[in-house]
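Step one of this worksheet: look at the structure below.
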Amino acid sequence: MLTQTGNSIFLQLVVPQEIVEIVSAFKGNKSPGFDDISPLIIKTVISFIAEPLAAVINTSFSQDMFPDTLKLAKVI
């Protein structure tokens with residue numbers, strides 16, 4: 001979750017259920033991203049990967065690090 005106060009942005013830790021809710025809202029017929037993983041596949045496996053994914057995201061937030069490979073986008 002993103003909270004903005006004045007000129008500061010605070011990233012709050014995420015919980016697996018929040019990730020499941022966001023991914024569940026994905027449209028399955030969209031094209032894959034830079035990683036070539038389709039949204040339909042992510043929606044299918046999200047219940048199995050939500051907890052470790054939340055841990056990775058929270059570690060990224062707490063260590064103020066964001067991998068360069070995740071800064072890429074595929075624009076069509």
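Please note that chains go A, B, ... in the order of the structure tokens, that every chain numbers its residues from 1, and that ligands are numbered from 1 in the order shown.
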
Residues near Ala55 (chain A), cut-off 10 Å, only C-alpha atoms, skip fewer than 4 positions along chain, as a PyMOL selection string: chain A and resi 13-16+50-51+59-61

Could you pull out the residues in chain A that DSSP calls strand (DSSP E) from the backbone, as a PyMOL selection string? chain A and resi 2-5+8-11

Give me, as an MDAnalysis selection string, all polymer residues having an atom no more than 9 Å from region 38-45 of chain A, counting only C-alpha atoms and skipping those fewer than 2 positions away in the same chain. chainID A and resid 20 23:33 35:36 47:50

What separation in Å, quoted to one decimal, exists between CA of Gln17 (chain A) and CA of Ala54 (chain A)? 9.1 Å

Mind the document's chain letters and residue numbers, and return as a ChimeraX atom specification the residues of region 1-74 of chain A that DSSP labels alpha helix (DSSP H). /A:16-24,39-62

From A:Ile57, A:Leu70, A:Val75, A:Ile46, residue lying nearest Leu11 (chain A) [only C-alpha atoms]: A:Ile57

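Here CA of Phe34 (chain A) and CA of Lys71 (chain A) stand 9.8 Å from one another.
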
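Take CA of Phe66 (chain A) and CA of Ile22 (chain A): the distance between them is 19.8 Å.
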